[in-house]
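Participant: query.cif is reproduced in full below (mmCIF, C-alpha atoms).
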```cif
data_protein
loop_
_atom_site.label_atom_id
_atom_site.label_comp_id
_atom_site.auth_asym_id
_atom_site.auth_seq_id
_atom_site.Cartn_x
_atom_site.Cartn_y
_atom_site.Cartn_z
CA MET E 22 150.95 83.05 72.88
CA THR E 23 150.16 79.66 71.42
CA SER E 24 149.50 79.82 67.68
CA THR E 25 145.93 79.18 66.54
CA ALA E 26 147.08 78.18 63.06
CA GLU E 27 145.96 74.59 62.52
CA SER E 28 145.01 72.26 59.72
CA SER E 29 141.56 72.62 58.22
CA THR E 30 140.36 69.49 60.02
CA PRO E 31 139.00 69.75 63.56
CA THR E 32 141.02 66.77 64.84
CA GLY E 33 142.40 67.52 68.27
CA ARG E 34 140.00 70.37 69.03
CA THR E 35 137.91 70.12 72.17
CA ALA E 36 135.37 72.85 72.90
CA LEU E 37 134.02 73.73 76.32
CA ILE E 38 130.73 75.61 75.95
CA VAL E 39 129.47 77.59 78.92
CA GLY E 40 125.76 78.19 78.39
CA ALA E 41 125.25 75.36 75.89
CA SER E 42 121.47 75.21 76.41
CA GLY E 43 120.97 78.89 75.58
CA ILE E 44 120.28 80.60 72.27
CA THR E 45 123.93 81.16 71.37
CA GLY E 46 125.45 78.14 73.09
CA SER E 47 123.10 75.68 71.42
CA ALA E 48 123.84 77.20 68.00
CA ILE E 49 127.59 76.86 68.65
CA ALA E 50 127.15 73.26 69.76
CA ARG E 51 125.23 72.33 66.60
CA GLN E 52 127.92 73.78 64.35
CA LEU E 53 130.83 72.25 66.26
CA ILE E 54 129.23 68.80 66.29
CA ALA E 55 128.64 69.05 62.53
CA GLU E 56 132.33 69.89 62.08
CA GLY E 57 133.47 66.92 64.18
CA TRP E 58 134.68 68.67 67.32
CA GLU E 59 134.61 67.06 70.75
CA VAL E 60 132.08 69.17 72.68
CA ILE E 61 131.82 69.53 76.46
CA ALA E 62 128.92 71.46 78.00
CA LEU E 63 129.30 72.98 81.46
CA SER E 64 126.09 73.27 83.49
CA ARG E 65 124.76 72.59 86.97
CA SER E 66 122.92 69.50 85.72
CA ALA E 67 125.67 67.98 83.55
CA SER E 68 123.07 67.67 80.82
CA SER E 69 124.31 65.65 77.85
CA ALA E 70 122.93 65.31 74.32
CA PRO E 71 123.99 63.57 71.12
CA GLY E 72 127.54 64.76 70.45
CA ILE E 73 127.74 66.68 73.75
CA ARG E 74 129.23 65.47 77.02
CA GLY E 75 127.90 67.27 80.06
CA VAL E 76 130.04 68.35 83.02
CA ALA E 77 128.42 69.53 86.26
CA ALA E 78 129.65 72.66 88.04
CA ASP E 79 128.36 75.84 89.64
CA LEU E 80 129.83 78.87 87.88
CA ARG E 81 129.55 80.87 91.10
CA ASP E 82 131.54 78.33 93.13
CA PRO E 83 135.29 78.37 92.35
CA GLU E 84 135.86 75.08 94.18
CA SER E 85 133.09 73.42 92.19
CA LEU E 86 134.70 74.64 88.96
CA ARG E 87 138.15 73.42 89.94
CA GLY E 88 136.85 69.98 90.82
CA ALA E 89 134.69 69.61 87.73
CA LEU E 90 137.37 70.77 85.31
CA ALA E 91 140.47 69.21 86.86
CA ALA E 92 140.49 66.34 84.36
CA GLU E 93 139.25 68.34 81.36
CA ARG E 94 141.62 69.61 78.69
CA PRO E 95 139.69 71.83 76.30
CA THR E 96 141.53 73.66 73.56
CA HIS E 97 138.74 76.21 73.03
CA VAL E 98 136.21 77.87 75.34
CA PHE E 99 132.97 79.52 74.19
CA PHE E 100 131.55 81.59 77.06
CA THR E 101 127.91 82.51 76.41
CA ALA E 102 126.40 82.55 79.93
CA TRP E 103 125.43 85.38 82.25
CA GLN E 104 123.27 85.82 85.34
CA LYS E 105 121.14 88.95 85.74
CA GLN E 106 121.44 90.64 89.14
CA ASP E 107 119.50 93.45 90.83
CA SER E 108 122.16 96.12 90.16
CA GLU E 109 125.03 96.66 87.78
CA ALA E 110 127.49 96.52 90.67
CA GLU E 111 126.22 93.00 91.40
CA ASN E 112 126.28 92.14 87.69
CA ILE E 113 129.95 93.12 87.62
CA THR E 114 130.80 91.07 90.71
CA VAL E 115 128.90 87.96 89.65
CA ASN E 116 129.48 87.87 85.89
CA GLY E 117 133.07 89.05 85.98
CA GLY E 118 133.74 86.56 88.75
CA MET E 119 132.21 83.62 86.86
CA LEU E 120 134.49 84.16 83.89
CA ARG E 121 137.56 84.76 86.06
CA ASP E 122 136.97 81.62 88.14
CA LEU E 123 136.24 79.45 85.10
CA LEU E 124 139.47 80.45 83.38
CA ALA E 125 141.46 80.02 86.59
CA ALA E 126 140.06 76.49 86.86
CA LEU E 127 141.43 75.82 83.36
CA ALA E 128 144.97 77.01 84.08
CA HIS E 129 146.19 73.43 83.45
CA ALA E 130 144.41 73.06 80.10
CA PRO E 131 146.03 73.52 76.67
CA LEU E 132 143.79 76.49 75.87
CA GLN E 133 144.31 78.03 72.46
CA HIS E 134 141.35 80.44 72.30
CA VAL E 135 138.54 81.78 74.50
CA ALA E 136 135.56 83.46 72.79
CA LEU E 137 133.26 85.68 74.86
CA VAL E 138 129.79 86.93 73.91
CA THR E 139 128.83 90.41 75.09
CA GLY E 140 126.55 92.86 73.28
CA LEU E 141 125.65 96.37 72.28
CA LYS E 142 125.25 97.44 75.90
CA HIS E 143 129.00 97.91 75.48
CA TYR E 144 128.02 101.09 73.57
CA LEU E 145 124.57 101.77 75.09
CA GLY E 146 125.28 101.24 78.79
CA PRO E 147 123.90 98.69 81.27
CA PHE E 148 120.22 98.02 81.94
CA GLU E 149 119.98 100.51 84.82
CA ALA E 150 121.43 103.32 82.65
CA TYR E 151 120.38 101.97 79.24
CA ALA E 152 120.89 104.54 76.47
CA ALA E 153 120.41 107.17 79.20
CA GLY E 154 123.59 109.19 78.84
CA GLU E 155 125.91 110.16 76.03
CA THR E 156 126.41 107.26 73.62
CA PRO E 157 128.49 107.00 70.45
CA ASP E 158 127.02 107.94 67.11
CA THR E 159 125.64 105.07 65.09
CA PRO E 160 126.72 102.91 63.45
CA PHE E 161 128.67 101.57 66.43
CA HIS E 162 132.34 100.75 65.79
CA GLU E 163 134.57 98.52 67.89
CA GLU E 164 137.11 101.31 68.35
CA GLU E 165 134.71 103.47 70.39
CA PRO E 166 136.03 104.21 73.90
CA ARG E 167 134.23 102.68 76.84
CA LEU E 168 131.46 104.70 78.47
CA GLU E 169 132.03 106.23 81.90
CA THR E 170 129.23 104.06 83.37
CA PRO E 171 130.30 100.83 85.10
CA ASN E 172 129.37 97.86 82.93
CA PHE E 173 129.72 94.12 83.50
CA TYR E 174 130.75 93.66 79.85
CA TYR E 175 133.85 95.76 80.59
CA ALA E 176 134.55 93.69 83.70
CA GLN E 177 134.27 90.46 81.70
CA GLU E 178 136.61 91.81 79.02
CA ASP E 179 139.17 92.80 81.63
CA GLU E 180 139.06 89.34 83.22
CA LEU E 181 139.48 87.78 79.78
CA PHE E 182 142.43 90.00 78.86
CA ALA E 183 144.17 89.32 82.17
CA ALA E 184 143.74 85.54 81.91
CA ALA E 185 144.88 85.49 78.29
CA SER E 186 148.06 87.35 79.25
CA ALA E 187 148.74 85.06 82.23
CA GLN E 188 147.79 81.73 80.63
CA GLY E 189 148.94 82.30 77.06
CA PHE E 190 145.78 81.81 75.03
CA HIS E 191 144.19 83.95 72.34
CA PHE E 192 140.77 85.54 72.76
CA SER E 193 137.91 87.19 70.90
CA VAL E 194 134.95 89.28 72.06
CA HIS E 195 131.68 89.21 70.10
CA ARG E 196 129.32 92.17 70.53
CA ALA E 197 125.90 91.09 69.30
CA HIS E 198 122.70 93.08 68.92
CA THR E 199 119.42 91.39 69.92
CA ILE E 200 120.00 87.67 69.31
CA ILE E 201 117.26 85.52 67.83
CA GLY E 202 117.65 81.78 67.88
CA HIS E 203 116.21 78.51 69.07
CA ALA E 204 116.03 77.97 72.85
CA VAL E 205 113.44 77.53 75.59
CA GLY E 206 113.85 78.93 79.08
CA ASN E 207 116.16 81.74 78.00
CA ALA E 208 116.02 85.11 79.77
CA MET E 209 116.40 87.13 76.55
CA ASN E 210 114.46 85.67 73.65
CA MET E 211 112.76 88.18 71.35
CA GLY E 212 111.92 85.67 68.61
CA LEU E 213 109.98 83.34 70.88
CA THR E 214 108.50 86.27 72.82
CA ILE E 215 106.98 87.69 69.64
CA ALA E 216 105.72 84.25 68.61
CA VAL E 217 103.99 83.79 71.99
CA GLN E 218 102.47 87.27 71.75
CA ALA E 219 101.11 86.40 68.30
CA THR E 220 99.71 83.09 69.55
CA LEU E 221 97.86 84.82 72.38
CA ALA E 222 96.56 87.44 69.93
CA LYS E 223 95.17 84.75 67.61
CA GLU E 224 93.74 82.52 70.32
CA LEU E 225 92.17 85.33 72.36
CA ASP E 226 91.18 87.59 69.45
CA LEU E 227 93.52 90.39 70.53
CA ASP E 228 95.35 93.05 68.56
CA PHE E 229 98.99 92.28 67.78
CA VAL E 230 100.40 95.55 69.12
CA PHE E 231 103.94 96.80 68.57
CA PRO E 232 105.15 97.49 72.13
CA GLY E 233 108.02 99.88 71.49
CA SER E 234 108.92 103.49 70.85
CA GLU E 235 108.23 105.75 67.89
CA GLN E 236 111.97 105.81 67.13
CA GLN E 237 112.15 102.03 66.96
CA TRP E 238 109.00 101.82 64.83
CA ASN E 239 110.25 104.34 62.26
CA GLY E 240 114.04 104.22 62.52
CA LEU E 241 116.61 101.82 61.17
CA THR E 242 117.85 98.91 63.24
CA ASP E 243 119.57 95.55 62.86
CA MET E 244 119.69 92.18 64.63
CA THR E 245 121.86 89.09 65.17
CA ASP E 246 120.95 85.53 64.19
CA ALA E 247 122.38 83.02 66.68
CA GLY E 248 123.69 80.81 63.89
CA LEU E 249 125.64 83.71 62.42
CA LEU E 250 127.05 84.62 65.84
CA ALA E 251 128.14 80.99 66.26
CA GLU E 252 129.84 81.10 62.85
CA GLN E 253 131.78 84.23 63.78
CA MET E 254 132.86 82.82 67.14
CA ILE E 255 134.12 79.60 65.57
CA TRP E 256 135.86 81.54 62.79
CA ALA E 257 137.60 83.84 65.28
CA SER E 258 138.61 80.83 67.38
CA THR E 259 140.29 79.03 64.49
CA ASP E 260 141.53 81.73 62.11
CA PRO E 261 144.54 83.85 63.15
CA ALA E 262 142.78 86.90 61.68
CA GLY E 263 140.22 86.66 64.48
CA SER E 264 142.70 86.42 67.35
CA ASP E 265 142.85 88.97 70.16
CA GLU E 266 140.13 91.20 68.74
CA ALA E 267 136.65 92.48 69.58
CA PHE E 268 134.08 92.20 66.79
CA ASN E 269 130.57 93.47 66.30
CA ILE E 270 128.22 90.84 64.92
CA VAL E 271 124.89 91.58 63.23
CA ASN E 272 123.16 90.01 60.25
CA GLY E 273 124.37 92.59 57.76
CA ASP E 274 120.99 94.01 56.71
CA VAL E 275 118.98 96.84 58.24
CA PHE E 276 115.21 97.23 58.56
CA ARG E 277 112.47 99.33 60.13
CA TRP E 278 110.00 97.71 62.52
CA ARG E 279 107.13 99.39 60.67
CA TRP E 280 108.21 97.21 57.73
CA MET E 281 109.06 94.06 59.73
CA TRP E 282 106.14 93.92 62.20
CA PRO E 283 103.35 93.19 59.68
CA ARG E 284 105.55 90.63 57.93
CA LEU E 285 106.17 88.75 61.17
CA ALA E 286 102.44 88.92 61.92
CA ALA E 287 101.60 87.39 58.56
CA ASP E 288 104.09 84.56 59.04
CA LEU E 289 102.63 83.89 62.50
CA GLY E 290 99.07 83.81 61.17
CA VAL E 291 97.80 87.05 62.70
CA PRO E 292 95.01 88.64 60.61
CA ALA E 293 96.14 91.88 58.97
CA GLU E 294 93.32 93.86 60.59
CA ARG E 295 94.68 92.90 64.02
CA VAL E 296 98.17 94.29 63.40
CA VAL E 297 98.71 97.58 65.25
CA GLY E 298 101.84 99.71 65.02
CA TYR E 299 103.11 102.54 67.17
CA GLN E 300 100.32 104.87 68.29
CA GLU E 301 101.07 107.90 70.48
CA ALA E 302 103.12 106.07 73.12
CA PRO E 303 104.86 102.73 73.76
CA ARG E 304 102.66 99.87 74.99
CA PRO E 305 105.07 97.55 76.82
CA LEU E 306 104.42 93.82 76.62
CA GLU E 307 104.78 93.42 80.40
CA GLN E 308 101.61 95.48 80.79
CA GLN E 309 99.89 94.35 77.58
CA MET E 310 100.21 90.62 78.17
CA ALA E 311 99.90 90.35 81.96
CA PRO E 312 96.09 89.91 81.86
CA HIS E 313 96.39 87.13 79.27
CA GLU E 314 99.24 84.96 80.57
CA ALA E 315 96.86 82.69 82.49
CA ALA E 316 95.37 81.52 79.19
CA TRP E 317 98.63 79.89 78.04
CA PRO E 318 98.27 76.48 79.79
CA GLY E 319 94.91 76.00 78.09
CA ILE E 320 96.35 77.00 74.72
CA ALA E 321 99.24 74.59 75.24
CA GLU E 322 96.85 71.75 76.06
CA LYS E 323 94.56 72.56 73.12
CA HIS E 324 97.42 72.42 70.62
CA GLY E 325 99.55 69.73 72.27
CA LEU E 326 102.44 72.10 72.96
CA VAL E 327 105.49 70.97 74.92
CA GLU E 328 105.68 73.89 77.38
CA SER E 329 102.74 75.13 79.44
CA ASP E 330 104.78 77.60 81.54
CA ILE E 331 104.71 80.89 79.65
CA SER E 332 107.52 82.30 81.80
CA ARG E 333 109.90 79.85 80.11
CA LEU E 334 108.91 81.12 76.68
CA ALA E 335 108.28 84.86 76.77
CA SER E 336 110.76 87.43 78.10
CA TRP E 337 108.46 90.46 77.91
CA TRP E 338 110.84 92.72 79.85
CA HIS E 339 113.78 92.16 77.52
CA THR E 340 111.79 92.72 74.33
CA ASP E 341 110.33 95.86 75.90
CA ALA E 342 113.86 97.12 76.61
CA ASP E 343 115.03 96.46 73.05
CA LEU E 344 111.99 97.91 71.32
CA GLY E 345 111.53 100.79 73.74
CA ARG E 346 114.78 102.61 73.00
CA ASP E 347 114.43 106.22 71.88
CA MET E 348 117.47 106.10 69.64
CA GLU E 349 118.59 104.47 66.43
CA VAL E 350 120.75 101.38 66.86
CA VAL E 351 122.80 100.33 63.84
CA THR E 352 126.05 98.39 63.99
CA ASP E 353 129.11 98.47 61.74
CA MET E 354 130.48 95.12 60.51
CA GLY E 355 133.49 96.44 58.60
CA LYS E 356 136.14 95.18 61.01
CA SER E 357 135.35 91.47 60.77
CA ARG E 358 134.66 91.74 57.03
CA ASP E 359 138.12 93.21 56.55
CA ALA E 360 139.48 90.30 58.61
CA GLY E 361 137.78 87.77 56.33
CA PHE E 362 134.44 86.96 57.99
CA LEU E 363 131.89 87.51 55.21
CA SER E 364 128.83 85.49 56.30
CA HIS E 365 125.49 87.27 56.59
CA ARG E 366 121.77 86.64 57.12
CA ARG E 367 118.52 88.25 55.99
CA THR E 368 116.71 89.08 59.21
CA GLU E 369 113.18 88.45 57.92
CA GLN E 370 114.20 84.97 56.75
CA ALA E 371 115.96 84.31 60.06
CA PHE E 372 112.68 85.02 61.87
CA LYS E 373 110.74 82.78 59.48
CA ASP E 374 113.20 79.92 59.91
CA LEU E 375 113.04 80.32 63.68
CA PHE E 376 109.24 80.27 63.78
CA ALA E 377 109.24 77.15 61.59
CA ARG E 378 111.56 75.39 64.05
CA TYR E 379 109.38 76.33 67.00
CA ARG E 380 106.32 74.99 65.20
CA ALA E 381 108.09 71.75 64.34
CA ASP E 382 109.12 71.33 67.99
CA ARG E 383 105.55 72.03 69.18
CA VAL E 384 106.60 75.10 71.14
CA ILE E 385 104.03 77.25 69.30
CA PRO E 386 101.00 76.09 67.29
#
```
Take the structure in the file and write it out as structure tokens.
Facilitator:
Amino acid sequence: MTSTAESSTPTGRTALIVGASGITGSAIARQLIAEGWEVIALSRSASSAPGIRGVAADLRDPESLRGALAAERPTHVFFTAWQKQDSEAENITVNGGMLRDLLAALAHAPLQHVALVTGLKHYLGPFEAYAAGETPDTPFHEEEPRLETPNFYYAQEDELFAAASAQGFHFSVHRAHTIIGHAVGNAMNMGLTIAVQATLAKELDLDFVFPGSEQQWNGLTDMTDAGLLAEQMIWASTDPAGSDEAFNIVNGDVFRWRWMWPRLAADLGVPAERVVGYQEAPRPLEQQMAPHEAAWPGIAEKHGLVESDISRLASWWHTDADLGRDMEVVTDMGKSRDAGFLSHRRTEQAFKDLFARYRADRVIP
């Protein structure tokens, strides 16, 4: 394989980001631009931004990919996109196929490294069998064998491994827990979902109710800040110690939601007497918030917010899935620490920083 050992300067590095408008992709783009990389963003719209050149292609159309990428010569690929389907079999076909076809369309490029984001469903199972069968003991370690259940993360890994062997590039896989970061219109966005819930609670004089399970309320858990995930992906893409490995990536601290929930409420301006924890049974946000969604356009107009479509802000279903688990979820970070990646975040501060950014951008009041 081509060596990833390079000088400490980014000269000559060109990154292709797939999913650059999402939580992880946008964090990667910010860091690469700050480091002086050339950055290309692949999307249907060819959306460009300062420091980012957009290229238009449909990830589900191999011919579109070949045409769009024929003249591109990235040295590094950061693959952060996925498309949710109605079944895991379809997830495997679509998401495995997107990665396979993208890498095939780059067979001519001088690829040195491809970094893929997956997640803890590697250990917990896919959405349709989420934490339903036998899962490894926590904390999760990268060496755990795959589950018996079909999983599109496994299909993506297999496509990545096969392309790396055929095309001669290095790879890394990054298994994140729930990712919090700055994006709008993302299908999985707990940070913004909680902020929207809190805004509705304040504006409509509602309780700010924890939606999840007793285990999640009382047990230990962890989380992944998008900026930290971006750091790990860039590190693995440029340091030989990160080559051809799978790494867990979480902030490095643990917490209990019974401790975190009232702190987030306070930062979001929810009165303490309106904060409600777990009581007898989960209260999913999809059911809690459905009667109140129609109030969002008025709230947006009242406060001069930039997005009046609540469906682009709140992903109730995904937060319900994360907070509704009946098992502890804690992730081991020893492997990447041993390899030299030592960055970390405090999760409470990551939430506070995220809420501050959303306020500054007029996404929440």
Participant: Out of E:Val39, E:Ala102, E:Ile49, E:Ile320, which residue has the shortest atom-to-atom distance to Val76 of chain E when counting all atoms listed in the file?
Facilitator: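 Of E:Val39, E:Ala102, E:Ile49, E:Ile320, the one nearest Val76 of chain E is E:Val39, counting all atoms listed in the file.
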Participant: Apply the PyMOL selection byres ((chain E and resi 147) around 9) to the displayed file and report the matching residues as a PyMOL selection string.
Facilitator: chain E and resi 109+142-143+145-146+148-152+170-174
Participant: At a cut-off of 6 Å, using all atoms listed in the file, what residues contact segment 204-215 of chain E? Leave out same-chain residues fewer than 5 positions from it and give the result as an MDAnalysis selection string.
Facilitator: chainID E and resid 43:44 333:336 339:340
Participant: Restricting the calculation to all atoms listed in the file: of E:Pro312, E:Gly72, E:Pro386, E:Pro166, which residue gets closest to Lys223 of chain E?
Facilitator: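 Of E:Pro312, E:Gly72, E:Pro386, E:Pro166, the one nearest Lys223 of chain E is E:Pro386, counting all atoms listed in the file.
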Participant: For a test of reading the model, state the distance in Å between atom CA of Ile331 of chain E and atom CA of Pro318 of chain E, rounded to one decimal.
Facilitator: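 Here the two named atoms are 7.8 Å from each other.
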Participant: Restricting the calculation to all atoms listed in the file: of E:Glu178, E:Asp158, E:Glu224, E:Asp265, which residue gets closest to His324 of chain E?
Facilitator: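 Smallest separation from His324 of chain E among the options: E:Glu224.
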Participant: Could you write out as number ranges by chain the residues that the PyMOL selection byres ((chain E and resi 316) around 12) matches in the shown file?
Facilitator: E: 217-218, 220-222, 224-225, 310-315, 317-323, 329-331
Participant: From the list E:Phe161, E:Phe362, E:Trp103, E:Phe372, which residue is nearest Glu349 of chain E when using only C-alpha atoms?
Facilitator: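 Smallest separation from Glu349 of chain E among the options: E:Phe161.
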